[in-house]
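Structure data follow from query.tsv (TSV, C-alpha atoms and all ligand atoms):
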chain	number	residue	atom	x	y	z
V	858	MET	CA	-35.39	44.11	92.31
V	859	ARG	CA	-36.82	46.54	89.81
V	860	LEU	CA	-35.44	48.56	86.92
V	861	LYS	CA	-36.15	52.13	88.05
V	862	SER	CA	-34.82	54.24	85.23
V	863	LEU	CA	-32.87	54.27	82.08
V	864	GLU	CA	-30.62	57.09	80.87
V	865	ILE	CA	-29.45	57.16	77.25
V	866	LYS	CA	-27.16	59.67	75.58
V	867	GLY	CA	-25.50	59.44	72.16
V	868	PHE	CA	-26.73	55.85	71.70
V	869	LYS	CA	-28.17	55.13	68.24
V	870	SER	CA	-31.07	57.52	67.57
V	871	PHE	CA	-30.82	59.12	71.07
V	872	ALA	CA	-28.58	62.09	70.40
V	873	ASP	CA	-29.63	64.02	73.51
V	874	LYS	CA	-29.71	62.78	77.05
V	875	THR	CA	-32.99	60.91	77.48
V	876	VAL	CA	-34.22	59.63	80.85
V	877	ILE	CA	-36.99	57.01	80.92
V	878	ASN	CA	-38.50	56.51	84.36
V	879	LEU	CA	-40.18	53.15	84.90
V	880	ASP	CA	-42.06	54.04	88.08
V	881	ASN	CA	-45.29	52.13	87.38
V	882	GLN	CA	-45.97	48.41	87.43
V	883	ILE	CA	-46.29	48.43	83.68
V	884	THR	CA	-44.73	51.03	81.40
V	885	GLY	CA	-45.49	51.08	77.70
V	886	ILE	CA	-43.46	53.02	75.18
V	887	VAL	CA	-45.31	53.88	72.04
V	888	GLY	CA	-44.29	55.78	68.94
V	889	PRO	CA	-44.25	55.68	65.19
V	890	ASN	CA	-42.18	53.21	63.25
V	891	GLY	CA	-38.49	54.02	63.37
V	892	CYS	CA	-38.78	56.40	66.34
V	893	GLY	CA	-36.36	54.31	68.41
V	894	LYS	CA	-38.48	51.97	70.59
V	895	SER	CA	-36.33	48.92	69.87
V	896	ASN	CA	-33.20	51.04	70.39
V	897	ILE	CA	-34.23	51.27	74.05
V	898	VAL	CA	-34.16	47.47	74.37
V	899	ASP	CA	-30.81	47.46	72.53
V	900	ALA	CA	-29.52	50.02	75.02
V	901	ILE	CA	-30.57	47.86	77.99
V	902	ARG	CA	-29.06	44.70	76.51
V	903	TRP	CA	-25.85	46.58	75.64
V	904	VAL	CA	-25.33	47.80	79.22
V	905	ILE	CA	-25.79	44.35	80.72
V	906	GLY	CA	-23.02	43.06	78.49
V	907	GLU	CA	-24.47	41.95	75.14
V	908	HIS	CA	-21.40	41.44	72.98
V	909	LYS	CA	-23.08	39.98	69.86
V	910	ILE	CA	-23.28	43.11	67.74
V	911	LYS	CA	-25.82	41.50	65.38
V	912	THR	CA	-28.18	41.01	68.32
V	913	LEU	CA	-28.02	44.77	68.78
V	914	ARG	CA	-29.02	45.09	65.12
V	915	SER	CA	-25.78	46.75	64.10
V	916	ASP	CA	-22.74	45.87	62.00
V	917	ASN	CA	-20.06	47.22	64.34
V	918	LEU	CA	-19.66	48.97	67.66
V	919	GLU	CA	-19.37	52.39	66.01
V	920	ASP	CA	-22.93	51.98	64.67
V	921	LEU	CA	-24.09	52.19	68.30
V	922	ILE	CA	-22.99	55.84	68.52
V	923	PHE	CA	-25.40	58.48	67.23
V	924	ASN	CA	-24.11	59.09	63.72
V	925	GLY	CA	-25.71	62.47	63.09
V	926	SER	CA	-28.64	63.74	61.11
V	927	LYS	CA	-29.38	66.47	58.59
V	928	THR	CA	-29.50	69.08	61.33
V	929	ARG	CA	-26.78	67.97	63.76
V	930	ASN	CA	-23.37	66.33	63.96
V	931	GLY	CA	-22.78	62.84	65.21
V	932	SER	CA	-21.81	62.14	68.78
V	933	GLY	CA	-18.34	61.05	69.96
V	934	LEU	CA	-19.63	58.83	72.71
V	935	ALA	CA	-22.53	56.47	73.43
V	936	GLU	CA	-23.50	56.25	77.07
V	937	VAL	CA	-26.28	54.23	78.73
V	938	SER	CA	-27.05	53.85	82.44
V	939	LEU	CA	-29.54	51.50	84.16
V	940	THR	CA	-30.68	52.21	87.68
V	941	PHE	CA	-32.07	49.34	89.78
V	942	GLU	CA	-33.88	49.42	93.06
V	943	ASN	CA	-32.27	46.89	95.40
V	944	THR	CA	-34.53	47.16	98.44
V	945	LYS	CA	-34.93	43.38	98.67
V	946	ASN	CA	-31.17	42.95	98.54
V	947	LEU	CA	-31.32	40.58	95.59
V	948	LEU	CA	-28.10	42.14	94.41
V	949	PRO	CA	-25.23	41.22	96.75
V	950	THR	CA	-24.36	44.82	97.69
V	951	GLU	CA	-25.22	47.13	100.57
V	952	PHE	CA	-26.57	49.80	98.17
V	953	ASN	CA	-30.35	50.18	97.78
V	954	ILE	CA	-29.90	51.88	94.46
V	955	VAL	CA	-27.49	50.39	91.97
V	956	THR	CA	-26.57	52.15	88.73
V	957	ILE	CA	-24.58	50.42	86.04
V	958	SER	CA	-23.22	52.39	83.07
V	959	ARG	CA	-21.43	51.60	79.88
V	960	LYS	CA	-19.64	54.11	77.67
V	961	PHE	CA	-18.18	53.64	74.24
V	962	TYR	CA	-16.04	56.31	72.60
V	963	LYS	CA	-15.61	56.73	68.86
V	964	ASN	CA	-11.81	56.14	69.26
V	965	GLY	CA	-12.61	52.57	70.38
V	966	GLU	CA	-12.20	53.04	74.14
V	967	SER	CA	-14.93	51.70	76.38
V	968	GLU	CA	-15.70	51.88	80.04
V	969	TYR	CA	-17.99	50.22	82.61
V	970	ARG	CA	-19.04	51.92	85.81
V	971	LEU	CA	-20.83	50.60	88.87
V	972	ASN	CA	-22.39	53.37	91.03
V	973	ASP	CA	-20.07	55.76	89.22
V	974	VAL	CA	-16.92	53.76	89.98
V	975	THR	CA	-14.96	52.29	87.07
V	976	CYS	CA	-15.22	48.51	86.98
V	977	ARG	CA	-14.98	45.48	84.66
V	978	LEU	CA	-17.87	43.84	82.80
V	979	LYS	CA	-17.11	40.76	84.92
V	980	ASP	CA	-17.92	42.76	88.10
V	981	ILE	CA	-21.33	43.67	86.66
V	982	THR	CA	-21.96	40.10	85.46
V	983	ASN	CA	-21.03	38.75	88.90
V	984	LEU	CA	-23.29	41.26	90.61
V	985	PHE	CA	-26.31	40.34	88.46
V	986	MET	CA	-25.65	36.61	88.45
V	987	ASP	CA	-28.74	34.58	89.46
V	988	THR	CA	-31.04	37.62	88.99
V	989	GLY	CA	-32.09	36.95	85.39
V	990	VAL	CA	-30.55	40.26	84.28
V	991	THR	CA	-28.06	38.89	81.80
V	992	SER	CA	-27.58	39.34	78.09
V	993	ASP	CA	-28.76	35.77	77.39
V	994	SER	CA	-31.78	35.81	79.69
V	995	TYR	CA	-35.41	36.17	78.63
V	996	SER	CA	-36.19	38.93	81.12
V	997	ILE	CA	-35.15	41.47	78.48
V	998	ILE	CA	-36.47	40.44	75.12
V	999	GLU	CA	-35.73	42.16	71.85
V	1000	LEU	CA	-37.85	41.81	68.72
V	1001	GLY	CA	-35.67	39.16	67.09
V	1002	MET	CA	-35.93	36.98	70.19
V	1003	VAL	CA	-39.71	36.90	69.90
V	1004	ASP	CA	-39.30	35.49	66.41
V	1005	ASP	CA	-36.78	32.95	67.76
V	1006	ILE	CA	-39.23	31.84	70.47
V	1007	ILE	CA	-42.06	31.47	67.99
V	1008	LYS	CA	-39.84	29.45	65.65
V	1009	ASP	CA	-38.22	27.66	68.65
V	1010	LYS	CA	-34.82	28.48	67.19
V	1011	GLU	CA	-31.99	26.59	68.95
V	1012	ASN	CA	-34.37	25.29	71.61
V	1013	SER	CA	-35.15	28.87	72.68
V	1014	ARG	CA	-38.59	27.92	74.12
V	1015	ARG	CA	-37.08	25.26	76.30
V	1016	ARG	CA	-34.38	27.71	77.45
V	1017	MET	CA	-37.01	30.33	78.27
V	1018	LEU	CA	-39.05	27.80	80.29
V	1019	GLU	CA	-35.93	26.58	82.06
V	1020	GLN	CA	-35.08	30.16	82.98
V	1021	ALA	CA	-38.62	30.76	84.23
V	1022	ALA	CA	-38.47	27.57	86.28
V	1023	GLY	CA	-35.09	28.58	87.67
V	1024	ILE	CA	-33.36	25.55	86.11
V	1025	SER	CA	-31.08	27.53	83.84
V	1026	ILE	CA	-29.15	28.83	86.83
V	1027	TYR	CA	-28.29	25.27	87.78
V	1028	LYS	CA	-27.52	24.46	84.18
V	1029	THR	CA	-25.17	27.44	84.04
V	1030	ARG	CA	-23.62	26.41	87.33
V	1031	LYS	CA	-23.34	22.83	86.10
V	1032	LYS	CA	-21.68	24.11	82.93
V	1033	GLU	CA	-19.30	26.27	84.98
V	1034	ALA	CA	-18.58	23.36	87.34
V	1035	LYS	CA	-17.93	21.13	84.32
V	1036	GLN	CA	-15.57	23.76	82.90
V	1037	LYS	CA	-13.80	23.99	86.24
V	1038	LEU	CA	-13.62	20.19	86.39
V	1039	ASP	CA	-12.18	20.07	82.87
V	1040	ALA	CA	-9.70	22.78	83.76
V	1041	THR	CA	-8.77	20.90	86.94
V	1042	GLU	CA	-8.37	17.68	84.94
V	1043	GLN	CA	-6.12	19.53	82.52
V	1044	ASP	CA	-4.17	20.93	85.47
V	1045	LEU	CA	-3.89	17.40	86.88
V	1046	ASN	CA	-2.62	16.11	83.55
V	1047	ARG	CA	-0.17	18.95	83.43
V	1048	ILE	CA	0.89	18.17	87.01
V	1049	GLU	CA	1.38	14.52	86.05
V	1050	ASP	CA	3.50	15.63	83.09
V	1051	LEU	CA	5.44	17.93	85.38
V	1052	LEU	CA	5.88	15.12	87.94
V	1053	PHE	CA	7.17	12.86	85.17
V	1054	GLU	CA	9.56	15.58	84.01
V	1055	ILE	CA	10.58	16.31	87.61
V	1056	SER	CA	11.23	12.62	88.37
V	1057	ASN	CA	13.37	12.42	85.22
V	1058	ASN	CA	15.19	15.57	86.25
V	1059	LEU	CA	15.52	14.14	89.76
V	1060	ARG	CA	17.27	11.05	88.42
V	1061	THR	CA	19.63	13.22	86.37
V	1062	LEU	CA	20.22	15.44	89.39
V	1063	GLU	CA	20.90	12.41	91.61
V	1064	SER	CA	23.49	11.12	89.15
V	1065	GLN	CA	24.97	14.62	88.89
V	1066	ALA	CA	25.04	14.89	92.70
V	1067	LYS	CA	26.89	11.54	92.92
V	1068	LYS	CA	29.38	12.72	90.32
V	1069	ALA	CA	29.80	15.99	92.19
V	1070	GLU	CA	30.37	14.07	95.47
V	1071	LYS	CA	32.97	11.86	93.77
V	1072	TYR	CA	34.59	14.91	92.22
V	1073	HIS	CA	34.84	16.60	95.64
V	1074	SER	CA	36.31	13.51	97.30
V	1075	ILE	CA	38.89	13.13	94.46
V	1076	LYS	CA	39.61	16.84	94.67
V	1077	ASN	CA	40.21	16.60	98.44
V	1078	GLU	CA	42.40	13.52	97.94
V	1079	TYR	CA	44.32	15.37	95.22
V	1080	LYS	CA	44.74	18.32	97.59
V	1081	ASP	CA	46.12	16.09	100.37
V	1082	VAL	CA	48.47	14.31	97.98
V	1083	SER	CA	49.59	17.63	96.54
V	1084	VAL	CA	50.37	18.95	100.03
V	1085	GLU	CA	52.31	15.76	100.85
V	1086	PHE	CA	54.14	16.03	97.53
V	1087	VAL	CA	55.07	19.65	98.16
V	1088	LYS	CA	56.21	18.75	101.69
V	1089	ALA	CA	58.39	15.90	100.38
V	1090	SER	CA	59.74	18.11	97.58
V	1091	LEU	CA	60.58	20.79	100.14
V	1092	GLU	CA	62.41	18.28	102.34
V	1093	ASP	CA	64.36	17.01	99.31
V	1094	PHE	CA	65.08	20.52	98.28
V	1095	ASN	CA	66.26	21.35	101.80
V	1096	THR	CA	68.61	18.36	101.89
V	1097	THR	CA	69.97	19.16	98.42
V	1098	TYR	CA	70.34	22.79	99.45
V	1099	GLN	CA	72.30	21.86	102.57
V	1100	THR	CA	74.55	19.43	100.62
V	1101	LEU	CA	75.19	22.07	97.99
V	1102	ASN	CA	75.86	24.63	100.70
V	1103	THR	CA	78.48	22.36	102.35
V	1104	GLN	CA	79.99	21.65	98.94
V	1105	GLN	CA	80.11	25.34	98.18
V	1106	GLN	CA	81.84	25.95	101.55
V	1107	HIS	CA	84.43	23.26	100.67
V	1108	GLU	CA	84.98	24.79	97.27
V	1109	VAL	CA	85.39	28.25	98.81
V	1110	ASP	CA	87.94	26.81	101.27
V	1111	ALA	CA	89.74	25.06	98.38
V	1112	ILE	CA	89.77	28.32	96.40
V	1113	LEU	CA	91.22	30.17	99.41
V	1114	ALA	CA	93.91	27.46	99.84
V	1115	LEU	CA	94.70	27.61	96.13
V	1116	GLU	CA	94.88	31.39	96.30
V	1117	THR	CA	97.37	31.12	99.21
V	1118	VAL	CA	99.44	28.59	97.23
V	1119	ILE	CA	99.27	30.82	94.15
V	1120	SER	CA	100.37	33.87	96.09
V	1121	THR	CA	103.28	31.88	97.75
V	1122	GLU	CA	104.30	30.43	94.38
V	1123	GLY	CA	103.98	33.91	92.88
V	1124	ALA	CA	106.34	35.30	95.49
V	1125	ASP	CA	108.79	32.42	94.80
V	1126	LEU	CA	108.51	33.04	91.10
V	1127	GLU	CA	109.23	36.72	91.65
V	1128	ALA	CA	112.33	35.82	93.70
V	1129	GLN	CA	113.47	33.36	91.07
V	1130	LYS	CA	112.91	35.97	88.38
V	1131	LEU	CA	115.15	38.39	90.33
V	1132	ALA	CA	117.80	35.68	90.78
V	1133	LEU	CA	117.60	34.89	87.08
V	1134	THR	CA	118.00	38.54	86.15
V	1135	LYS	CA	121.00	38.73	88.45
V	1136	ARG	CA	122.54	35.56	86.84
V	1137	GLU	CA	121.86	37.00	83.40
V	1138	GLU	CA	123.68	40.17	84.35
V	1139	GLU	CA	126.62	38.04	85.70
V	1140	LEU	CA	126.53	35.93	82.57
V	1141	HIS	CA	126.58	39.09	80.52
V	1142	LEU	CA	129.67	40.30	82.40
V	1143	LEU	CA	131.38	36.91	81.99
V	1144	GLN	CA	130.53	36.93	78.32
V	1145	LYS	CA	131.97	40.38	78.05
V	1146	THR	CA	135.13	39.25	79.84
V	1147	PHE	CA	135.29	36.12	77.69
V	1148	ASN	CA	134.91	38.21	74.56
V	1149	GLU	CA	137.70	40.50	75.75
V	1150	VAL	CA	139.96	37.47	76.45
V	1151	VAL	CA	139.08	36.02	73.01
V	1152	GLY	CA	139.86	39.39	71.46
V	1153	LYS	CA	143.19	39.55	73.28
V	1154	LEU	CA	143.92	35.95	72.26
V	1155	ARG	CA	143.29	36.74	68.61
V	1156	THR	CA	145.48	39.80	68.84
V	1157	LEU	CA	148.23	37.73	70.34
V	1158	GLU	CA	147.80	35.11	67.66
V	1159	ASN	CA	148.07	37.77	64.98
V	1160	GLU	CA	151.14	39.20	66.59
V	1161	LYS	CA	152.58	35.68	66.67
V	1162	VAL	CA	152.14	35.37	62.87
V	1163	PHE	CA	154.17	38.45	62.28
V	1164	LEU	CA	156.96	37.47	64.73
V	1165	PRO	CA	160.35	35.88	63.26
V	1166	LYS	CA	160.20	32.21	62.77
V	1167	LYS	CA	162.85	31.29	65.35
V	1168	PHE	CA	161.20	33.44	67.90
V	1169	SER	CA	157.94	32.01	66.92
V	1170	THR	CA	159.13	28.41	67.31
V	1171	SER	CA	160.61	29.06	70.68
V	1172	MET	CA	157.52	30.61	71.68
V	1173	SER	CA	155.43	27.70	70.64
Q	1	LIG	P1	-40.43	49.80	64.60
Q	1	LIG	O1	-41.66	50.27	65.31
Q	1	LIG	O2	-40.57	49.87	63.13
Q	1	LIG	O3	-39.87	48.54	65.08
Q	1	LIG	P2	-38.65	51.30	66.28
Q	1	LIG	O4	-39.39	52.40	66.93
Q	1	LIG	O5	-38.40	50.10	67.07
Q	1	LIG	O6	-39.30	50.93	64.91
Q	1	LIG	P3	-35.86	51.42	66.07
Q	1	LIG	O7	-35.62	50.21	65.28
Q	1	LIG	O8	-35.66	51.36	67.52
Q	1	LIG	O9	-37.32	51.92	65.77
Q	1	LIG	O10	-35.02	52.62	65.53
Q	1	LIG	C1	-34.62	52.69	64.22
Q	1	LIG	C2	-34.11	54.08	64.03
Q	1	LIG	O11	-32.92	54.31	64.70
Q	1	LIG	C3	-33.85	54.35	62.57
Q	1	LIG	O12	-34.47	55.57	62.19
Q	1	LIG	C4	-32.39	54.51	62.48
Q	1	LIG	O13	-32.00	55.47	61.52
Q	1	LIG	C5	-32.04	55.00	63.86
Q	1	LIG	N1	-30.72	54.68	64.15
Q	1	LIG	C6	-30.15	53.46	64.30
Q	1	LIG	N2	-28.84	53.56	64.54
Q	1	LIG	C7	-28.55	54.89	64.57
Q	1	LIG	C8	-27.36	55.64	64.77
Q	1	LIG	N3	-26.19	55.08	65.01
Q	1	LIG	N4	-27.44	57.01	64.72
Q	1	LIG	C9	-28.59	57.61	64.47
Q	1	LIG	N5	-29.74	56.95	64.29
Q	1	LIG	C10	-29.75	55.60	64.32

For this file, write the structure as structure tokens.
Amino acid sequence: MRLKSLEIKGFKSFADKTVINLDNQITGIVGPNGCGKSNIVDAIRWVIGEHKIKTLRSDNLEDLIFNGSKTRNGSGLAEVSLTFENTKNLLPTEFNIVTISRKFYKNGESEYRLNDVTCRLKDITNLFMDTGVTSDSYSIIELGMVDDIIKDKENSRRRMLEQAAGISIYKTRKKEAKQKLDATEQDLNRIEDLLFEISNNLRTLESQAKKAEKYHSIKNEYKDVSVEFVKASLEDFNTTYQTLNTQQQHEVDAILALETVISTEGADLEAQKLALTKREEELHLLQKTFNEVVGKLRTLENEKVFLPKKFSTSMS
């Protein structure tokens, strides 16, 4: 696998599109101080995913975009592409030529592309895994790293030798495996916690299920008893209803009999009233006659007073 070319546009001092072809076994880039030689290395490291901005000799991501000069305005976008030859199929892809690009816009948006298709940084990292083309490998060395190697900062010499000997891959894999193991252990712990919680919940659920069962059996019993009670009440009600019905019939009969008696007695009373009226009229006549006789008697008695004594004595 070989880096074939490098295309830079709007990155640091490269305002215009610049293509660097690396066709020979060894390519040297020479130029005066400050012309941008190290910026090329920065560009390469940036595309392969360098995220430590200090390593790219900048303070923030915006510093990576061409910020203008006396004669021209700054750029709105930094864009770098690396093209690799993959004839030996070291990269796990069917393409013989693989181009990876990274873009960063002034508004903060960024984008990775793999053979001109949008992708994630992880896709690029996965593709270049085990090839030595990573941001922390020693296949692409920037100036500061040379200093680090000389001073053996943070065991950098050992790391470089391990990479050269192919050990670092296994170290990385071991580290990843360890991380996976830790994560799995954490998952196991979490599962144990969950199992504990579930078994607690299970006990509660079992007790609730028993209560629910008991509740249903009591409810069914209550239903049966209620039905029986309603049946018995209905029978009682029926009997009472029939008794009351018979009683009512008797009472109606009694009322009818009483009404007959009342009407007979009424007729009698009417007849007696007529008879009484008739007697009163007779009595009135007798009274009248009696009064007339009394009147006549008084008249006679008066006449007797005025008669001569001798006549009166003989008369008496
Ligand atoms: P030396 O030989 O001294 O190491 P060099 O050729 O490696 O130098 P670099 O360090 O690659 O040079 O480039 C530094 C130049 O890049 C400086 O002139 C700096 O102004 C310019 N530069 C850095 N960032 C930007 C930017 N965002 N926009 C424009 N120019 C930039």

Given 9 Å and all atoms listed in the file, residues near ligand LIG 1 (chain Q) as a PyMOL selection string: chain V and resi 867-872+887-899+914-915+919-926+931-932+1000

Go through segment 969-1087 of chain V and flag each residue having an atom no more than 12 Å from segment 942-946 of chain V; for those, report the closest pair of atoms plus their distance in Å to one decimal, using all atoms listed in the file, ordered by chain and rising number, as JSON lines.
{"residue": "V:Leu984", "atom": "CA", "partner": "V:Asn946", "partner_atom": "CA", "distance": 11.3}
{"residue": "V:Phe985", "atom": "CA", "partner": "V:Asn943", "partner_atom": "CA", "distance": 11.3}
{"residue": "V:Thr988", "atom": "CA", "partner": "V:Asn946", "partner_atom": "CA", "distance": 10.9}

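Minimum atom-to-atom distance to Asp973 of chain V, evaluated using only C-alpha atoms, belongs to V:Ser938 out of V:Thr1117, V:Ser1090, V:Ser992, V:Ser938.
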
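Taking atom CA of Met858 of chain V as the reference point, atom CA of Glu951 of chain V is found at 13.4 Å.
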
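The residue that comes closest to Lys963 of chain V, out of V:Leu863, V:Asn983, V:Asp1093, V:Ala935 and on the basis of all atoms listed in the file, is V:Ala935.
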
Which of these residues is nearest to Leu978 of chain V, using all atoms listed in the file: V:Thr950, V:Ser958, V:Asn964, V:Gln1036? V:Ser958

When you look at Ala1021 of chain V with a cut-off of 12 Å (counting all atoms listed in the file), what residues show up, excluding the ones that are within fewer than 4 positions of it in the same chain? I need them as a PyMOL selection string. chain V and resi 987-989+994-996+1014-1017+1025-1026

Keeping C-alpha atoms, export the residues of the selection given above as a PDB file, in the coordinates of the input.
ATOM      1  CA  ASP V 987     -28.740  34.580  89.460  1.00  0.00           C
ATOM      2  CA  THR V 988     -31.040  37.620  88.990  1.00  0.00           C
ATOM      3  CA  GLY V 989     -32.090  36.950  85.390  1.00  0.00           C
ATOM      4  CA  SER V 994     -31.780  35.810  79.690  1.00  0.00           C
ATOM      5  CA  TYR V 995     -35.410  36.170  78.630  1.00  0.00           C
ATOM      6  CA  SER V 996     -36.190  38.930  81.120  1.00  0.00           C
ATOM      7  CA  ARG V1014     -38.590  27.920  74.120  1.00  0.00           C
ATOM      8  CA  ARG V1015     -37.080  25.260  76.300  1.00  0.00           C
ATOM      9  CA  ARG V1016     -34.380  27.710  77.450  1.00  0.00           C
ATOM     10  CA  MET V1017     -37.010  30.330  78.270  1.00  0.00           C
ATOM     11  CA  SER V1025     -31.080  27.530  83.840  1.00  0.00           C
ATOM     12  CA  ILE V1026     -29.150  28.830  86.830  1.00  0.00           C
TER      13      ILE V1026
END

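In this structure, atom CA of Thr1103 of chain V sits 25.6 Å away from atom CA of Phe1086 of chain V.
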
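Proximity of V:Leu939, V:Lys927, V:Ile886, V:Asp1044 to Lys861 of chain V, computed with all atoms listed in the file, is greatest for V:Leu939.
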
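Going from atom CA of Ile1006 of chain V over to atom CA of Lys1031 of chain V, you cover 24.0 Å.
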
Looking at V:Thr982, V:Thr1029, V:Thr1041, V:Ser967, which one is nearest to Leu934 of chain V, with distances taken over only C-alpha atoms? V:Ser967
